[in-house]
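**Student:** To start, I am sharing the structure in question, which I have written as structure tokens.
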Amino acid sequence: MKHIIILGDGMADEPVESLGGLTPLEAADTPSMDRLAGMGRSGLLATVPPGFHPGSEIANMGVLGYDVRTSFEGRGVLEAASMGINVPEGWMAMRCNLICIADENIKNHSAGHISTQEATELIDTLNRKLGNERVKFYPGVSYRHLLLIRDADKRIECTPPHDVPGTPWQTVMIKATHPDATDTAALINDLIIKSQKILAEHPVNLARARDGKDCANSIWPWSPGYRPSMEPMSTRFGIKNGAVISAVDLIFGIGVYAGLRPIHVEGATGLADTNYEGKARAAIDALRSGADFVFLHIEASDEAGHEGDIELKKRTIEYLDRRIVAPIMEAADTLDEPLSIAVLPDHPTPCRLRTHTSDAVPFIIYHPGETPDSVTSYSERAAADGLYGLMKSTDFIEEFLKV
């Protein structure tokens, strides 16, 4: 038996008045996911344990069955693994966004979805001017980058910038949660302030301003941690040849520590313009060439939720249905082994809130030959009536990989 998880990041939402009280998932035209729901069994999944922030790092590790209370060490170190960057003993890694600040408020977490080429120039400049034997910047993709600090204390309070659009930036700076972390908090806040002067004068931002684009005029480090301890899925579940497909360093990093082979797809952007067809082909090719497990991650719905764009979010869900789920379901009959399929988000990203919530998410599990339940469509409310009821993360992955 082969297995694929198709994850639409942030796909779940709340009822929206402009959609007649439907969620974007309910309002979207999703014949393939509805068909899969009719063939399989549905339920709701709590991906975020109590007391944890509903970040994609927590939720995706939850989907894969990791207990984040013992295995989570921050988002930065996961993204470092994806980038092939070793985090040595004694160093702390942090995700480092390039953000846009306007009128002293955080305008957005993505600097207007700055291009990777522009962002790399900015990060390289910051590393030359602010980097030293203790501080190192590494460029990533678009607005997502990495900051490594030696002899740092992770006991600090950091605010993810996508959680606080419209908030005065000075009110959500780094705070020490232990006296020993005071030096670390002061160092990071100093880097933020110094970055703003450097970035304001950089030719990349001067050109973006002339073109009417949001400027990447500040760094925003968050999610600190050291090297995690994660048991690979091969030893946990007997997966012999697993793969992960995404456009996001975080997901690749989780995959690396989980023992999954990263597959990079040209044109995968993490936005609505991502190469859906290329991702579907990559997943099918991996399954045909020996992979027994594929984790296929699509970021676009989450970004639409952060933008508060209801119609875009609805459209990204329809893209996922038509351009990812449909071809994979069609290809299932051509594989040399039966294919089990799961579809779900990692967390909701309600357009009204423009940030993540901890609410349980709807899922489908289809095992070939297994009697389906009575659910015939895929949505938050439909899945609540499914046979599985409410599951926790370890229950979900164990149920999905049981055959």
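Following the order of the structure tokens, first chain is A, next is B, and so on, with residues numbered from 1 inside each chain and ligands from 1 in the order they appear.
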Between stretch 214-311 of chain A and stretch 97-115 of chain A, at 8 Å or less, what are the per-residue closest atom pairs and their distances in Å? Count only C-alpha atoms, order by chain and rising residue number, and return it as CSV.
**Tutor:**
residue,atom,partner,partner_atom,distance
A:Asp214,CA,A:Gly112,CA,5.1
A:Cys215,CA,A:Cys100,CA,5.6
A:Ala216,CA,A:Ala111,CA,4.7
A:Asn217,CA,A:Cys100,CA,5.6
A:Ser218,CA,A:Ile99,CA,5.5
A:Ile219,CA,A:Leu98,CA,4.7
A:Trp220,CA,A:Asn97,CA,5.0
A:Pro221,CA,A:Asn97,CA,6.2
**Student:** Per residue of stretch 164-245 of chain A within 12 Å of stretch 129-136 of chain A, which atom pair is closest and at what distance in Å (one decimal), using only C-alpha atoms, listed by chain and increasing number, as CSV?
**Tutor:**
residue,atom,partner,partner_atom,distance
A:Thr184,CA,A:Arg134,CA,11.2
A:Leu187,CA,A:Val135,CA,9.6
A:Ile188,CA,A:Val135,CA,9.7
A:Asp190,CA,A:Leu130,CA,10.1
A:Leu191,CA,A:Leu130,CA,7.4
A:Ile192,CA,A:Leu130,CA,10.3
A:Ile193,CA,A:Leu130,CA,11.2
A:Lys194,CA,A:Leu130,CA,8.1
A:Ser195,CA,A:Leu130,CA,8.0
A:Gln196,CA,A:Leu130,CA,11.7
A:Lys197,CA,A:Lys129,CA,11.3
A:Ile198,CA,A:Lys129,CA,8.4
A:Leu199,CA,A:Lys129,CA,10.9
A:Ile219,CA,A:Leu130,CA,11.8
**Student:** Write to file, as an mmCIF file, in the first residue's frame, the residues of the selection just made, with N, CA, C and O atoms.
**Tutor:**
data_model
loop_
_atom_site.group_PDB
_atom_site.id
_atom_site.type_symbol
_atom_site.label_atom_id
_atom_site.label_comp_id
_atom_site.auth_asym_id
_atom_site.auth_seq_id
_atom_site.Cartn_x
_atom_site.Cartn_y
_atom_site.Cartn_z
ATOM 1 N N THR A 184 20.175 38.177 25.093
ATOM 2 C CA THR A 184 19.703 37.710 23.788
ATOM 3 C C THR A 184 18.609 38.614 23.245
ATOM 4 O O THR A 184 18.633 39.005 22.069
ATOM 5 N N LEU A 187 20.081 41.912 22.081
ATOM 6 C CA LEU A 187 20.832 41.754 20.838
ATOM 7 C C LEU A 187 19.887 41.716 19.638
ATOM 8 O O LEU A 187 20.119 42.406 18.628
ATOM 9 N N ILE A 188 18.819 40.923 19.721
ATOM 10 C CA ILE A 188 17.911 40.790 18.580
ATOM 11 C C ILE A 188 17.189 42.103 18.316
ATOM 12 O O ILE A 188 17.030 42.525 17.151
ATOM 13 N N ASP A 190 18.283 45.046 18.917
ATOM 14 C CA ASP A 190 19.278 45.935 18.313
ATOM 15 C C ASP A 190 19.451 45.624 16.826
ATOM 16 O O ASP A 190 19.571 46.543 16.001
ATOM 17 N N LEU A 191 19.432 44.333 16.465
ATOM 18 C CA LEU A 191 19.525 43.950 15.055
ATOM 19 C C LEU A 191 18.320 44.463 14.269
ATOM 20 O O LEU A 191 18.453 44.920 13.122
ATOM 21 N N ILE A 192 17.127 44.377 14.866
ATOM 22 C CA ILE A 192 15.919 44.879 14.193
ATOM 23 C C ILE A 192 16.071 46.359 13.879
ATOM 24 O O ILE A 192 15.837 46.808 12.741
ATOM 25 N N ILE A 193 16.462 47.141 14.870
ATOM 26 C CA ILE A 193 16.571 48.596 14.692
ATOM 27 C C ILE A 193 17.657 48.953 13.684
ATOM 28 O O ILE A 193 17.460 49.801 12.794
ATOM 29 N N LYS A 194 18.810 48.291 13.788
ATOM 30 C CA LYS A 194 19.889 48.578 12.840
ATOM 31 C C LYS A 194 19.510 48.155 11.417
ATOM 32 O O LYS A 194 19.894 48.816 10.438
ATOM 33 N N SER A 195 18.739 47.063 11.300
ATOM 34 C CA SER A 195 18.338 46.612 9.957
ATOM 35 C C SER A 195 17.476 47.656 9.257
ATOM 36 O O SER A 195 17.537 47.804 8.035
ATOM 37 N N GLN A 196 16.670 48.368 10.024
ATOM 38 C CA GLN A 196 15.741 49.324 9.425
ATOM 39 C C GLN A 196 16.478 50.464 8.722
ATOM 40 O O GLN A 196 16.072 50.900 7.643
ATOM 41 N N LYS A 197 17.567 50.931 9.309
ATOM 42 C CA LYS A 197 18.353 51.996 8.667
ATOM 43 C C LYS A 197 19.038 51.479 7.408
ATOM 44 O O LYS A 197 19.031 52.143 6.366
ATOM 45 N N ILE A 198 19.604 50.263 7.496
ATOM 46 C CA ILE A 198 20.302 49.692 6.333
ATOM 47 C C ILE A 198 19.335 49.430 5.194
ATOM 48 O O ILE A 198 19.597 49.766 4.028
ATOM 49 N N LEU A 199 18.181 48.839 5.514
ATOM 50 C CA LEU A 199 17.218 48.471 4.472
ATOM 51 C C LEU A 199 16.570 49.692 3.835
ATOM 52 O O LEU A 199 16.266 49.686 2.634
ATOM 53 N N ILE A 219 13.825 43.619 9.415
ATOM 54 C CA ILE A 219 13.797 42.184 9.687
ATOM 55 C C ILE A 219 12.844 41.932 10.850
ATOM 56 O O ILE A 219 12.532 42.845 11.622
#
**Student:** DSSP on the backbone, then: every residue of stretch 85-203 of chain A marked helix (DSSP H, G or I), written as a compact mmCIF listing (two decimals) with all heavy atoms, in the first residue's frame.
**Tutor:**
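Result file is states11.txt:
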# COMPACT_ATOMS: atom_id res chain seq x y z
N THR A 116 12.49 36.38 -4.38
CA THR A 116 13.67 35.76 -3.77
C THR A 116 14.94 36.49 -4.19
O THR A 116 15.86 36.68 -3.37
CB THR A 116 13.74 34.28 -4.16
OG1 THR A 116 12.58 33.60 -3.65
CG2 THR A 116 14.98 33.61 -3.60
N GLN A 117 15.02 36.91 -5.44
CA GLN A 117 16.22 37.60 -5.91
C GLN A 117 16.43 38.91 -5.16
O GLN A 117 17.55 39.21 -4.70
CB GLN A 117 16.11 37.88 -7.41
CG GLN A 117 17.33 38.60 -7.99
CD GLN A 117 17.20 38.84 -9.49
OE1 GLN A 117 16.28 38.34 -10.14
NE2 GLN A 117 18.11 39.62 -10.04
N GLU A 118 15.38 39.70 -5.01
CA GLU A 118 15.49 40.97 -4.28
C GLU A 118 15.86 40.71 -2.82
O GLU A 118 16.72 41.37 -2.24
CB GLU A 118 14.17 41.73 -4.34
CG GLU A 118 13.80 42.26 -5.71
CD GLU A 118 12.39 42.82 -5.71
OE1 GLU A 118 11.45 42.07 -5.36
OE2 GLU A 118 12.22 44.00 -6.05
N ALA A 119 15.17 39.72 -2.22
CA ALA A 119 15.38 39.44 -0.80
C ALA A 119 16.81 38.96 -0.54
O ALA A 119 17.42 39.32 0.48
CB ALA A 119 14.38 38.40 -0.32
N THR A 120 17.34 38.15 -1.45
CA THR A 120 18.71 37.65 -1.27
C THR A 120 19.71 38.80 -1.23
O THR A 120 20.65 38.81 -0.43
CB THR A 120 19.06 36.67 -2.40
OG1 THR A 120 18.18 35.54 -2.31
CG2 THR A 120 20.50 36.18 -2.28
N GLU A 121 19.52 39.80 -2.09
CA GLU A 121 20.40 40.97 -2.06
C GLU A 121 20.34 41.66 -0.71
O GLU A 121 21.37 42.07 -0.15
CB GLU A 121 20.00 41.96 -3.15
CG GLU A 121 20.32 41.53 -4.57
CD GLU A 121 20.06 42.66 -5.56
OE1 GLU A 121 20.50 43.80 -5.30
OE2 GLU A 121 19.39 42.40 -6.57
N LEU A 122 19.13 41.79 -0.15
CA LEU A 122 18.96 42.47 1.13
C LEU A 122 19.61 41.68 2.26
O LEU A 122 20.31 42.25 3.11
CB LEU A 122 17.47 42.69 1.42
CG LEU A 122 16.72 43.59 0.44
CD1 LEU A 122 15.24 43.65 0.80
CD2 LEU A 122 17.31 45.00 0.44
N ILE A 123 19.37 40.38 2.29
CA ILE A 123 19.92 39.55 3.37
C ILE A 123 21.45 39.50 3.28
O ILE A 123 22.14 39.55 4.31
CB ILE A 123 19.31 38.14 3.34
CG1 ILE A 123 17.81 38.20 3.67
CG2 ILE A 123 20.02 37.21 4.31
CD1 ILE A 123 17.47 38.69 5.05
N ASP A 124 21.98 39.40 2.08
CA ASP A 124 23.44 39.40 1.92
C ASP A 124 24.04 40.72 2.44
O ASP A 124 25.10 40.72 3.08
CB ASP A 124 23.82 39.20 0.46
CG ASP A 124 23.63 37.76 0.00
OD1 ASP A 124 23.47 36.87 0.86
OD2 ASP A 124 23.63 37.53 -1.23
N THR A 125 23.37 41.83 2.17
CA THR A 125 23.84 43.12 2.68
C THR A 125 23.80 43.16 4.21
O THR A 125 24.75 43.62 4.86
CB THR A 125 22.99 44.27 2.11
OG1 THR A 125 23.14 44.30 0.68
CG2 THR A 125 23.42 45.61 2.70
N LEU A 126 22.70 42.66 4.79
CA LEU A 126 22.60 42.64 6.25
C LEU A 126 23.69 41.76 6.87
O LEU A 126 24.25 42.10 7.92
CB LEU A 126 21.21 42.12 6.67
CG LEU A 126 20.03 43.05 6.36
CD1 LEU A 126 18.72 42.35 6.67
CD2 LEU A 126 20.15 44.35 7.16
N ASN A 127 23.99 40.64 6.20
CA ASN A 127 25.03 39.77 6.76
C ASN A 127 26.40 40.44 6.71
O ASN A 127 27.22 40.28 7.62
CB ASN A 127 25.06 38.45 6.00
CG ASN A 127 25.84 37.38 6.74
OD1 ASN A 127 25.62 37.16 7.92
ND2 ASN A 127 26.76 36.73 6.06
N ARG A 128 26.65 41.20 5.64
CA ARG A 128 27.93 41.91 5.55
C ARG A 128 28.05 42.99 6.62
O ARG A 128 29.13 43.19 7.19
CB ARG A 128 28.10 42.54 4.16
CG ARG A 128 28.41 41.55 3.05
CD ARG A 128 28.95 42.27 1.82
NE ARG A 128 28.07 43.34 1.37
CZ ARG A 128 27.05 43.17 0.53
NH1 ARG A 128 26.78 41.96 0.06
NH2 ARG A 128 26.31 44.20 0.16
N LYS A 129 26.95 43.68 6.88
CA LYS A 129 27.00 44.84 7.76
C LYS A 129 26.70 44.52 9.22
O LYS A 129 27.19 45.23 10.12
CB LYS A 129 26.04 45.92 7.26
CG LYS A 129 26.43 46.47 5.89
CD LYS A 129 25.64 47.70 5.52
CE LYS A 129 26.14 48.30 4.21
NZ LYS A 129 25.46 49.57 3.88
N LEU A 130 25.92 43.49 9.47
CA LEU A 130 25.54 43.16 10.84
C LEU A 130 26.07 41.81 11.31
O LEU A 130 26.09 41.53 12.51
CB LEU A 130 24.01 43.17 10.99
CG LEU A 130 23.29 44.49 10.71
CD1 LEU A 130 21.78 44.31 10.86
CD2 LEU A 130 23.80 45.59 11.63
N PRO A 161 5.14 37.78 12.86
CA PRO A 161 4.61 39.00 12.25
C PRO A 161 3.28 38.81 11.54
O PRO A 161 2.50 39.75 11.43
CB PRO A 161 5.72 39.41 11.28
CG PRO A 161 6.46 38.14 10.99
CD PRO A 161 6.40 37.34 12.25
N HIS A 162 3.00 37.57 11.08
CA HIS A 162 1.71 37.36 10.40
C HIS A 162 0.55 37.36 11.39
O HIS A 162 -0.61 37.38 10.97
CB HIS A 162 1.73 36.04 9.61
CG HIS A 162 2.13 34.85 10.40
ND1 HIS A 162 3.39 34.30 10.32
CD2 HIS A 162 1.46 34.09 11.30
CE1 HIS A 162 3.48 33.26 11.13
NE2 HIS A 162 2.32 33.11 11.74
N ASP A 163 0.86 37.34 12.69
CA ASP A 163 -0.20 37.39 13.70
C ASP A 163 -0.64 38.80 14.04
O ASP A 163 -1.68 38.98 14.67
CB ASP A 163 0.27 36.72 15.00
CG ASP A 163 0.22 35.21 14.94
OD1 ASP A 163 -0.26 34.68 13.92
OD2 ASP A 163 0.67 34.56 15.91
N TRP A 169 4.94 48.27 15.65
CA TRP A 169 6.02 47.29 15.73
C TRP A 169 6.78 47.35 17.03
O TRP A 169 7.23 46.32 17.56
CB TRP A 169 6.97 47.46 14.54
CG TRP A 169 7.77 48.73 14.53
CD1 TRP A 169 7.41 49.93 14.01
CD2 TRP A 169 9.08 48.93 15.08
NE1 TRP A 169 8.39 50.87 14.18
CE2 TRP A 169 9.44 50.27 14.83
CE3 TRP A 169 9.99 48.10 15.73
CZ2 TRP A 169 10.65 50.82 15.23
CZ3 TRP A 169 11.22 48.63 16.13
CH2 TRP A 169 11.54 49.97 15.87
N GLN A 170 6.89 48.54 17.62
CA GLN A 170 7.67 48.67 18.85
C GLN A 170 6.99 48.01 20.05
O GLN A 170 7.65 47.73 21.05
CB GLN A 170 7.94 50.13 19.15
CG GLN A 170 8.82 50.80 18.09
CD GLN A 170 9.22 52.21 18.47
OE1 GLN A 170 9.72 52.45 19.56
NE2 GLN A 170 9.01 53.15 17.56
N THR A 171 5.69 47.73 19.95
CA THR A 171 4.99 47.09 21.07
C THR A 171 5.12 45.57 21.06
O THR A 171 4.71 44.91 22.03
CB THR A 171 3.48 47.45 21.04
OG1 THR A 171 2.87 46.86 19.87
CG2 THR A 171 3.28 48.95 21.01
N VAL A 172 5.66 45.00 19.99
CA VAL A 172 5.76 43.54 19.89
C VAL A 172 7.20 43.10 19.64
O VAL A 172 7.46 42.07 19.04
CB VAL A 172 4.82 42.98 18.79
CG1 VAL A 172 3.39 43.01 19.25
CG2 VAL A 172 4.99 43.74 17.47
N PRO A 179 15.64 35.95 33.27
CA PRO A 179 16.72 36.94 33.38
C PRO A 179 17.96 36.61 32.55
O PRO A 179 18.62 37.52 32.03
CB PRO A 179 17.04 36.92 34.88
CG PRO A 179 15.76 36.49 35.53
CD PRO A 179 15.13 35.52 34.57
N ASP A 180 18.26 35.32 32.40
CA ASP A 180 19.45 34.94 31.63
C ASP A 180 19.31 35.21 30.14
O ASP A 180 20.31 35.15 29.41
CB ASP A 180 19.76 33.45 31.85
CG ASP A 180 20.23 33.15 33.26
OD1 ASP A 180 20.55 34.11 33.99
OD2 ASP A 180 20.26 31.96 33.63
N ALA A 181 18.09 35.48 29.68
CA ALA A 181 17.85 35.73 28.26
C ALA A 181 17.83 37.22 27.92
O ALA A 181 17.58 37.59 26.77
CB ALA A 181 16.55 35.07 27.82
N THR A 182 18.08 38.06 28.90
CA THR A 182 18.02 39.51 28.66
C THR A 182 18.99 39.95 27.58
O THR A 182 18.65 40.76 26.70
CB THR A 182 18.31 40.27 29.97
OG1 THR A 182 17.36 39.87 30.96
CG2 THR A 182 18.24 41.77 29.76
N ASP A 183 20.21 39.41 27.60
CA ASP A 183 21.22 39.77 26.60
C ASP A 183 20.77 39.37 25.20
O ASP A 183 20.93 40.12 24.24
CB ASP A 183 22.55 39.11 26.94
CG ASP A 183 23.58 39.30 25.83
OD1 ASP A 183 24.04 40.44 25.65
OD2 ASP A 183 23.91 38.31 25.14
N THR A 184 20.17 38.18 25.09
CA THR A 184 19.70 37.71 23.79
C THR A 184 18.61 38.61 23.24
O THR A 184 18.63 39.01 22.07
CB THR A 184 19.19 36.26 23.90
OG1 THR A 184 20.26 35.40 24.31
CG2 THR A 184 18.63 35.77 22.57
N ALA A 185 17.64 38.97 24.08
CA ALA A 185 16.55 39.85 23.64
C ALA A 185 17.09 41.20 23.21
O ALA A 185 16.66 41.74 22.17
CB ALA A 185 15.53 40.00 24.77
N ALA A 186 18.02 41.75 23.97
CA ALA A 186 18.58 43.05 23.62
C ALA A 186 19.34 42.99 22.30
O ALA A 186 19.25 43.92 21.47
CB ALA A 186 19.50 43.53 24.75
N LEU A 187 20.08 41.91 22.08
CA LEU A 187 20.83 41.75 20.84
C LEU A 187 19.89 41.72 19.64
O LEU A 187 20.12 42.41 18.63
CB LEU A 187 21.66 40.48 20.89
CG LEU A 187 22.33 40.04 19.59
CD1 LEU A 187 23.33 41.10 19.12
CD2 LEU A 187 23.02 38.68 19.75
N ILE A 188 18.82 40.92 19.72
CA ILE A 188 17.91 40.79 18.58
C ILE A 188 17.19 42.10 18.32
O ILE A 188 17.03 42.52 17.15
CB ILE A 188 16.91 39.65 18.83
CG1 ILE A 188 17.67 38.32 18.99
CG2 ILE A 188 15.91 39.55 17.68
CD1 ILE A 188 16.80 37.19 19.51
N ASN A 189 16.73 42.79 19.37
CA ASN A 189 16.07 44.07 19.17
C ASN A 189 17.02 45.10 18.54
O ASN A 189 16.60 45.91 17.70
CB ASN A 189 15.53 44.60 20.51
CG ASN A 189 14.30 43.84 20.97
OD1 ASN A 189 13.53 43.34 20.15
ND2 ASN A 189 14.12 43.75 22.28
N ASP A 190 18.28 45.05 18.92
CA ASP A 190 19.28 45.94 18.31
C ASP A 190 19.45 45.62 16.83
O ASP A 190 19.57 46.54 16.00
CB ASP A 190 20.61 45.78 19.05
CG ASP A 190 21.66 46.78 18.56
OD1 ASP A 190 21.40 47.99 18.61
OD2 ASP A 190 22.74 46.32 18.12
N LEU A 191 19.43 44.33 16.47
CA LEU A 191 19.53 43.95 15.05
C LEU A 191 18.32 44.46 14.27
O LEU A 191 18.45 44.92 13.12
CB LEU A 191 19.63 42.43 14.94
CG LEU A 191 20.93 41.79 15.41
CD1 LEU A 191 20.81 40.26 15.42
CD2 LEU A 191 22.11 42.22 14.54
N ILE A 192 17.13 44.38 14.87
CA ILE A 192 15.92 44.88 14.19
C ILE A 192 16.07 46.36 13.88
O ILE A 192 15.84 46.81 12.74
CB ILE A 192 14.67 44.63 15.07
CG1 ILE A 192 14.36 43.14 15.16
CG2 ILE A 192 13.47 45.40 14.50
CD1 ILE A 192 13.26 42.79 16.14
N ILE A 193 16.46 47.14 14.87
CA ILE A 193 16.57 48.60 14.69
C ILE A 193 17.66 48.95 13.68
O ILE A 193 17.46 49.80 12.79
CB ILE A 193 16.83 49.26 16.05
CG1 ILE A 193 15.57 49.11 16.94
CG2 ILE A 193 17.17 50.74 15.88
CD1 ILE A 193 15.79 49.48 18.38
N LYS A 194 18.81 48.29 13.79
CA LYS A 194 19.89 48.58 12.84
C LYS A 194 19.51 48.16 11.42
O LYS A 194 19.89 48.82 10.44
CB LYS A 194 21.16 47.87 13.28
CG LYS A 194 21.82 48.50 14.49
CD LYS A 194 23.08 47.75 14.91
CE LYS A 194 23.77 48.47 16.07
NZ LYS A 194 24.94 47.71 16.57
N SER A 195 18.74 47.06 11.30
CA SER A 195 18.34 46.61 9.96
C SER A 195 17.48 47.66 9.26
O SER A 195 17.54 47.80 8.03
CB SER A 195 17.58 45.29 10.05
OG SER A 195 16.23 45.46 10.46
N GLN A 196 16.67 48.37 10.02
CA GLN A 196 15.74 49.32 9.42
C GLN A 196 16.48 50.46 8.72
O GLN A 196 16.07 50.90 7.64
CB GLN A 196 14.78 49.84 10.50
CG GLN A 196 13.84 48.77 11.02
CD GLN A 196 12.95 49.22 12.15
OE1 GLN A 196 12.99 50.39 12.55
NE2 GLN A 196 12.14 48.32 12.69
N LYS A 197 17.57 50.93 9.31
CA LYS A 197 18.35 52.00 8.67
C LYS A 197 19.04 51.48 7.41
O LYS A 197 19.03 52.14 6.37
CB LYS A 197 19.39 52.54 9.65
CG LYS A 197 20.29 53.61 9.04
CD LYS A 197 21.19 54.24 10.07
CE LYS A 197 22.19 55.22 9.44
NZ LYS A 197 21.51 56.26 8.63
N ILE A 198 19.60 50.26 7.50
CA ILE A 198 20.30 49.69 6.33
C ILE A 198 19.33 49.43 5.19
O ILE A 198 19.60 49.77 4.03
CB ILE A 198 21.02 48.39 6.75
CG1 ILE A 198 22.14 48.70 7.74
CG2 ILE A 198 21.57 47.66 5.53
CD1 ILE A 198 22.73 47.47 8.41
N LEU A 199 18.18 48.84 5.51
CA LEU A 199 17.22 48.47 4.47
C LEU A 199 16.57 49.69 3.84
O LEU A 199 16.27 49.69 2.63
CB LEU A 199 16.15 47.55 5.06
CG LEU A 199 16.64 46.16 5.49
CD1 LEU A 199 15.54 45.41 6.25
CD2 LEU A 199 17.10 45.35 4.29
N ALA A 200 16.35 50.74 4.61
CA ALA A 200 15.71 51.95 4.06
C ALA A 200 16.54 52.58 2.95
O ALA A 200 15.99 53.19 2.02
CB ALA A 200 15.48 52.96 5.18
N PRO A 203 19.30 49.98 -2.46
CA PRO A 203 18.76 50.19 -3.81
C PRO A 203 17.54 49.32 -4.13
O PRO A 203 16.65 49.76 -4.87
CB PRO A 203 19.94 49.83 -4.72
CG PRO A 203 21.15 50.08 -3.88
CD PRO A 203 20.76 49.75 -2.48
**Student:** Measuring atom to atom with only C-alpha atoms, identify which of A:Pro139, A:Gly38, A:Pro228, A:Gly10 is nearest to A:Gly55.
**Tutor:**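 Closest to A:Gly55 of all the choices is A:Gly10.
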**Student:** Considering only C-alpha atoms, return as an MDAnalysis selection string whatever protein or nucleic-acid residues lie within 7 Å of A:Leu7, sequence-local ones (same chain, fewer than 4 positions apart) excluded.
**Tutor:** chainID A and resid 296:298 343:346
**Student:** Pick the closest to A:Ser340 from A:Leu22, A:Ser56, A:Gly43, A:Met1: which is it, counting only C-alpha atoms?
**Tutor:**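 Answer, going by the shortest atom-to-atom distance: A:Met1.
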**Student:** Within 6 Å of stretch 241-253 of chain A, counting only C-alpha atoms, which residues qualify if same-chain residues fewer than 6 places away don't, as a PDB file with C-alpha atoms, in the first residue's frame?
**Tutor:**
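Heads up, here's the output in selection_8.pdb:
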ATOM      1  CA  LEU A  78      13.675  23.300  10.859  1.00  0.00           C
ATOM      2  CA  GLU A  79      14.117  25.778   8.036  1.00  0.00           C
ATOM      3  CA  ALA A  81      17.688  21.797   7.817  1.00  0.00           C
ATOM      4  CA  SER A  82      15.762  22.453   4.617  1.00  0.00           C
ATOM      5  CA  LEU A 260      11.641  12.247   3.973  1.00  0.00           C
ATOM      6  CA  ARG A 261      13.426  13.005   0.694  1.00  0.00           C
ATOM      7  CA  PRO A 262      12.806  16.619  -0.400  1.00  0.00           C
ATOM      8  CA  ILE A 263      11.521  17.096  -3.953  1.00  0.00           C
ATOM      9  CA  ALA A 268       6.616  26.331  -6.767  1.00  0.00           C
ATOM     10  CA  THR A 269       6.062  29.752  -5.164  1.00  0.00           C
ATOM     11  CA  GLY A 270       3.875  29.157  -2.105  1.00  0.00           C
ATOM     12  CA  ALA A 291       8.064   6.113  -2.937  1.00  0.00           C
ATOM     13  CA  ASP A 292       5.679   4.513  -0.469  1.00  0.00           C
ATOM     14  CA  PHE A 293       4.751   7.801   1.271  1.00  0.00           C
ATOM     15  CA  VAL A 294       4.447  11.372  -0.067  1.00  0.00           C
ATOM     16  CA  PHE A 295       3.670  14.497   1.950  1.00  0.00           C
ATOM     17  CA  LEU A 296       2.423  17.050  -0.593  1.00  0.00           C
ATOM     18  CA  HIS A 297       2.097  20.535   0.889  1.00  0.00           C
TER      19      HIS A 297
END
**Student:** Using only C-alpha atoms for the distances, tell me which of A:Phe363, A:Tyr378, A:Trp222, A:Tyr388 is nearest to A:Ile5.
**Tutor:** A:Phe363
**Student:** Which distance in Å separates atom CA of A:Ala300 and atom CA of A:Ala272, to one decimal?
**Tutor:**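 Between atom CA of A:Ala300 and atom CA of A:Ala272 the gap is 5.0 Å.
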**Student:** Grab the atom CA of A:Ile341 to atom CA of A:Tyr257 distance for me, in Å with one decimal place.
**Tutor:**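 According to the coordinates, atom CA of A:Ile341 and atom CA of A:Tyr257 are separated by 22.7 Å.
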**Student:** To one decimal place, how far is atom CA of A:Ile328 from atom CA of A:Phe400 in Å?
**Tutor:**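 Straight-line distance from atom CA of A:Ile328 to atom CA of A:Phe400 works out to 17.1 Å.
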